[in-house]
Amino acid sequence: MTDRPQPPYPEQQQPIPGRTDAMDPRPDHGETSYKGSGRLEGKKAIITGGDSGIGRAVAIAYAREGADVLISYLNEDDDAAETKRLVEEAGRQAVLVPGDISDPAGARAVIDKAVEAFGRVDILVNNAAHQRSFQAIEDIPDEEWQKTFATNIHAMFYLSKAAVAHMGEGASIINTTSINADQPSQQLLAYATTKGAIHNFTAGLAQMLAERKIRVNAVAPGPVWTPLIPSTMPPEAVKTFGENTPLGRAAQPAELAPPYVMLATDEASYITGATIAVTGGRPFL
């Protein structure tokens with residue numbers, strides 16, 4: 001599609017973590033465009049941060065490919081309810097689990113709920129993230145640094161550790177890293193640092209789980225138009241968001257779903273330890 005929204009976008013600001021309905025333009029998650037073909041028929045998936053943005057787009061795609069989906073999210077109940085509706089509209093089971101996965105017990109509860117509902121875990125998409133913008137290192141509170149690491153990388157460890165006990169051969173873990181792993185934004189120091197950690201976590205865990213035939217990969221998005229943007233960036237940055245890519249715009253969440261689908265399918269049986277860049281033309285590693 002060539003008719004995606006182009007910057008400048010309207011200046012806008014939301015409280016963290018942001019809501020889809022308040023965004024202008026409204027993000028496209030593939031609600032009307034994604035067509036499934038049974039590539040994940042019968043699979044059982046967990047998606048963290050599945051209420052909105054990339055997570056919602058992946059949930060829609062997975063459901064239309066035949067998977068049941070557990071949607072883990074913090075507290076965005078209205079967004080999560082809409083994602084659940086879209087999954088069920090595709091004829092698949094949707095389970096909502098609110099809570100803080102930066103807490104080890106909260107992360108383990110997500111896996112427990114999935115096993116209770118589905119009996120096993122075939123796909124774990126570690127997608128939830130936290131970010132905030134700061135101009136100087138002195139402006140970053142210690143608590144903010146700790147929260148970013150706890151949400152973005154510690155939770156990935158807790159969830160993956162708990163999930164593998166319920167995964168069989170051919171299962172897949174897919175982590176969301178970022179262009180910031182390779183080209184860190186100085187205003188997103190904590191976030192960018194965690195995304196670099198996720199890149200290494202993915203490569204190391206892939207080797208650790210290879211004997212069990214569990215694959216581990218990552219997707220590295222460039223700028224993507226999600227509620228995280230107007231809720232964590234200043235209005236002037238929101239207005240020009242994504243214009244620094246060769247394609248000249250931010251991605252819509254729907255444009256991120258295909259690699260998450262491919263990596264979860266049996267077609268990707270020899271792909272592990274890889275990172276797929278979806279960056280609008282910006283070089284990655």
# chains A, B, ... in the order shown; residues from 1 in each chain; ligands from 1
$ closest_atom_pairs --of "segment 157-269 of chain A" --to "segment 49-55 of chain A" --cutoff "9 Å" --atoms "only C-alpha atoms" --output "CSV"
residue,atom,partner,partner_atom,distance
A:Val224,CA,A:Ile54,CA,8.0
A:Trp225,CA,A:Gly53,CA,7.3
A:Thr226,CA,A:Gly53,CA,4.7
A:Pro227,CA,A:Gly53,CA,6.7
A:Leu228,CA,A:Gly53,CA,8.2
A:Gln252,CA,A:Gly53,CA,8.4
A:Pro253,CA,A:Ile54,CA,4.8
A:Ala254,CA,A:Ile54,CA,7.3
A:Glu255,CA,A:Ile54,CA,8.8
A:Leu256,CA,A:Ile54,CA,6.6
A:Ala257,CA,A:Ile54,CA,7.1
$ select_by_dssp --residues "segment 52-267 of chain A" --states "strand (DSSP E or B)" --output "list of chain:residue names"
A:Asp68, A:Val69, A:Leu70, A:Ile71, A:Ser72, A:Tyr73, A:Ala94, A:Val95, A:Leu96, A:Val97, A:Pro98, A:Ile123, A:Leu124, A:Val125, A:Asn126, A:Ser172, A:Ile173, A:Ile174, A:Asn175, A:Thr176, A:Arg215, A:Val216, A:Asn217, A:Ala218, A:Val219, A:Ala220, A:Pro221, A:Val224, A:Ala251
$ atom_distance --atom1 "atom CA of Gln12 of chain A" --atom2 "atom CA of Phe241 of chain A"
11.6 Å
$ closest_residue --among "A:Ala274, A:Phe134, A:Trp145, A:Gly242" --to "Asn200 of chain A" --atoms "only C-alpha atoms"
A:Ala274
$ residues_around --residues "Arg64 of chain A" --least-positions-apart "2" --cutoff "6 Å" --atoms "only C-alpha atoms" --output "ChimeraX atom specification"
/A:36,61-62,66,90
$ residues_around --residues "Asp24 of chain A" --least-positions-apart "2" --cutoff "12 Å" --atoms "only C-alpha atoms" --output "JSON, numbers by chain"
{"A": [5, 6, 7, 8, 9, 10, 11, 12, 13, 14, 19, 20, 21, 22, 26, 27, 28, 225, 226, 227, 229, 230, 238, 239]}
$ write_last_selection --atoms "C-alpha atoms" --output "compact mmCIF listing (two decimals), in the first residue's frame"
# COMPACT_ATOMS: atom_id res chain seq x y z
CA PRO A 5 -0.21 8.52 6.49
CA GLN A 6 2.77 10.80 5.98
CA PRO A 7 4.27 13.34 8.40
CA PRO A 8 3.69 15.98 9.51
CA TYR A 9 1.16 14.45 11.89
CA PRO A 10 -1.05 16.57 14.16
CA GLU A 11 0.76 17.57 17.34
CA GLN A 12 -0.69 15.48 20.17
CA GLN A 13 0.07 14.29 23.65
CA GLN A 14 -1.40 11.56 25.86
CA ARG A 19 -4.83 4.90 24.00
CA THR A 20 -5.52 3.96 20.38
CA ASP A 21 -8.80 5.85 20.04
CA ALA A 22 -7.14 9.17 20.93
CA ARG A 26 -5.79 6.22 13.89
CA PRO A 27 -3.29 3.35 13.51
CA ASP A 28 -3.95 0.57 11.02
CA TRP A 225 2.76 4.66 14.83
CA THR A 226 1.51 3.31 18.19
CA PRO A 227 0.12 4.82 21.43
CA ILE A 229 4.59 7.66 20.60
CA PRO A 230 2.16 10.43 21.66
CA VAL A 238 5.35 13.34 17.30
CA LYS A 239 4.66 15.77 14.46
$ closest_residue --among "A:Leu40, A:Val278, A:Ile71, A:Val58" --to "Ala250 of chain A" --atoms "only C-alpha atoms"
A:Val278
$ residues_around --residues "segment 183-185 of chain A" --least-positions-apart "3" --cutoff "9 Å" --atoms "only C-alpha atoms" --output "MDAnalysis selection string"
chainID A and resid 178:180 188:189 191:193 195:196 283:285
$ closest_residue --among "A:Glu65, A:Asp100, A:Glu89, A:Glu243" --to "Gly222 of chain A" --atoms "only C-alpha atoms"
A:Glu243
$ closest_atom_pairs --of "segment 166-225 of chain A" --to "segment 147-153 of chain A" --cutoff "7 Å" --atoms "only C-alpha atoms" --output "Markdown table"
| residue | atom | partner | partner_atom | distance |
| --- | --- | --- | --- | --- |
| A:Ala190 | CA | A:Thr148 | CA | 6.4 |
| A:Tyr191 | CA | A:Thr148 | CA | 6.3 |
| A:Thr194 | CA | A:Phe149 | CA | 6.1 |
| A:Ile198 | CA | A:Ile153 | CA | 6.3 |
$ write_last_selection --atoms "N, CA, C and O atoms" --output "short mmCIF file (atom, residue, chain, number, x, y, z; two decimals), in the first residue's frame"
data_model
loop_
_atom_site.label_atom_id
_atom_site.label_comp_id
_atom_site.auth_asym_id
_atom_site.auth_seq_id
_atom_site.Cartn_x
_atom_site.Cartn_y
_atom_site.Cartn_z
N ALA A 190 17.63 4.95 28.10
CA ALA A 190 17.28 3.72 28.81
C ALA A 190 16.63 2.71 27.86
O ALA A 190 17.00 1.53 27.82
N TYR A 191 15.67 3.17 27.09
CA TYR A 191 14.97 2.30 26.14
C TYR A 191 15.93 1.69 25.13
O TYR A 191 15.93 0.47 24.89
N THR A 194 18.09 -1.06 26.57
CA THR A 194 17.39 -2.35 26.73
C THR A 194 17.21 -3.05 25.38
O THR A 194 17.25 -4.28 25.32
N ILE A 198 18.17 -6.82 24.37
CA ILE A 198 17.23 -7.80 23.78
C ILE A 198 17.86 -8.48 22.57
O ILE A 198 17.69 -9.69 22.35
#
$ closest_residue --among "A:Leu74, A:Ala105, A:Met23, A:Ala218" --to "Tyr260 of chain A" --atoms "only C-alpha atoms"
A:Ala218
$ atom_distance --atom1 "atom CA of Ile276 of chain A" --atom2 "atom CA of Ala220 of chain A"
5.9 Å
$ closest_residue --among "A:Leu70, A:Val121, A:Leu205, A:Val110" --to "Leu96 of chain A" --atoms "only C-alpha atoms"
A:Leu70
$ residues_around --residues "Val164 of chain A" --least-positions-apart "4" --cutoff "12 Å" --atoms "only C-alpha atoms" --output "PyMOL selection string"
chain A and resi 108+111-112+115+120-124+157-160+168-173+205+208-210+212-216
$ closest_residue --among "A:Leu247, A:Met262, A:Ala277, A:Ala136" --to "Gln186 of chain A" --atoms "only C-alpha atoms"
A:Ala136
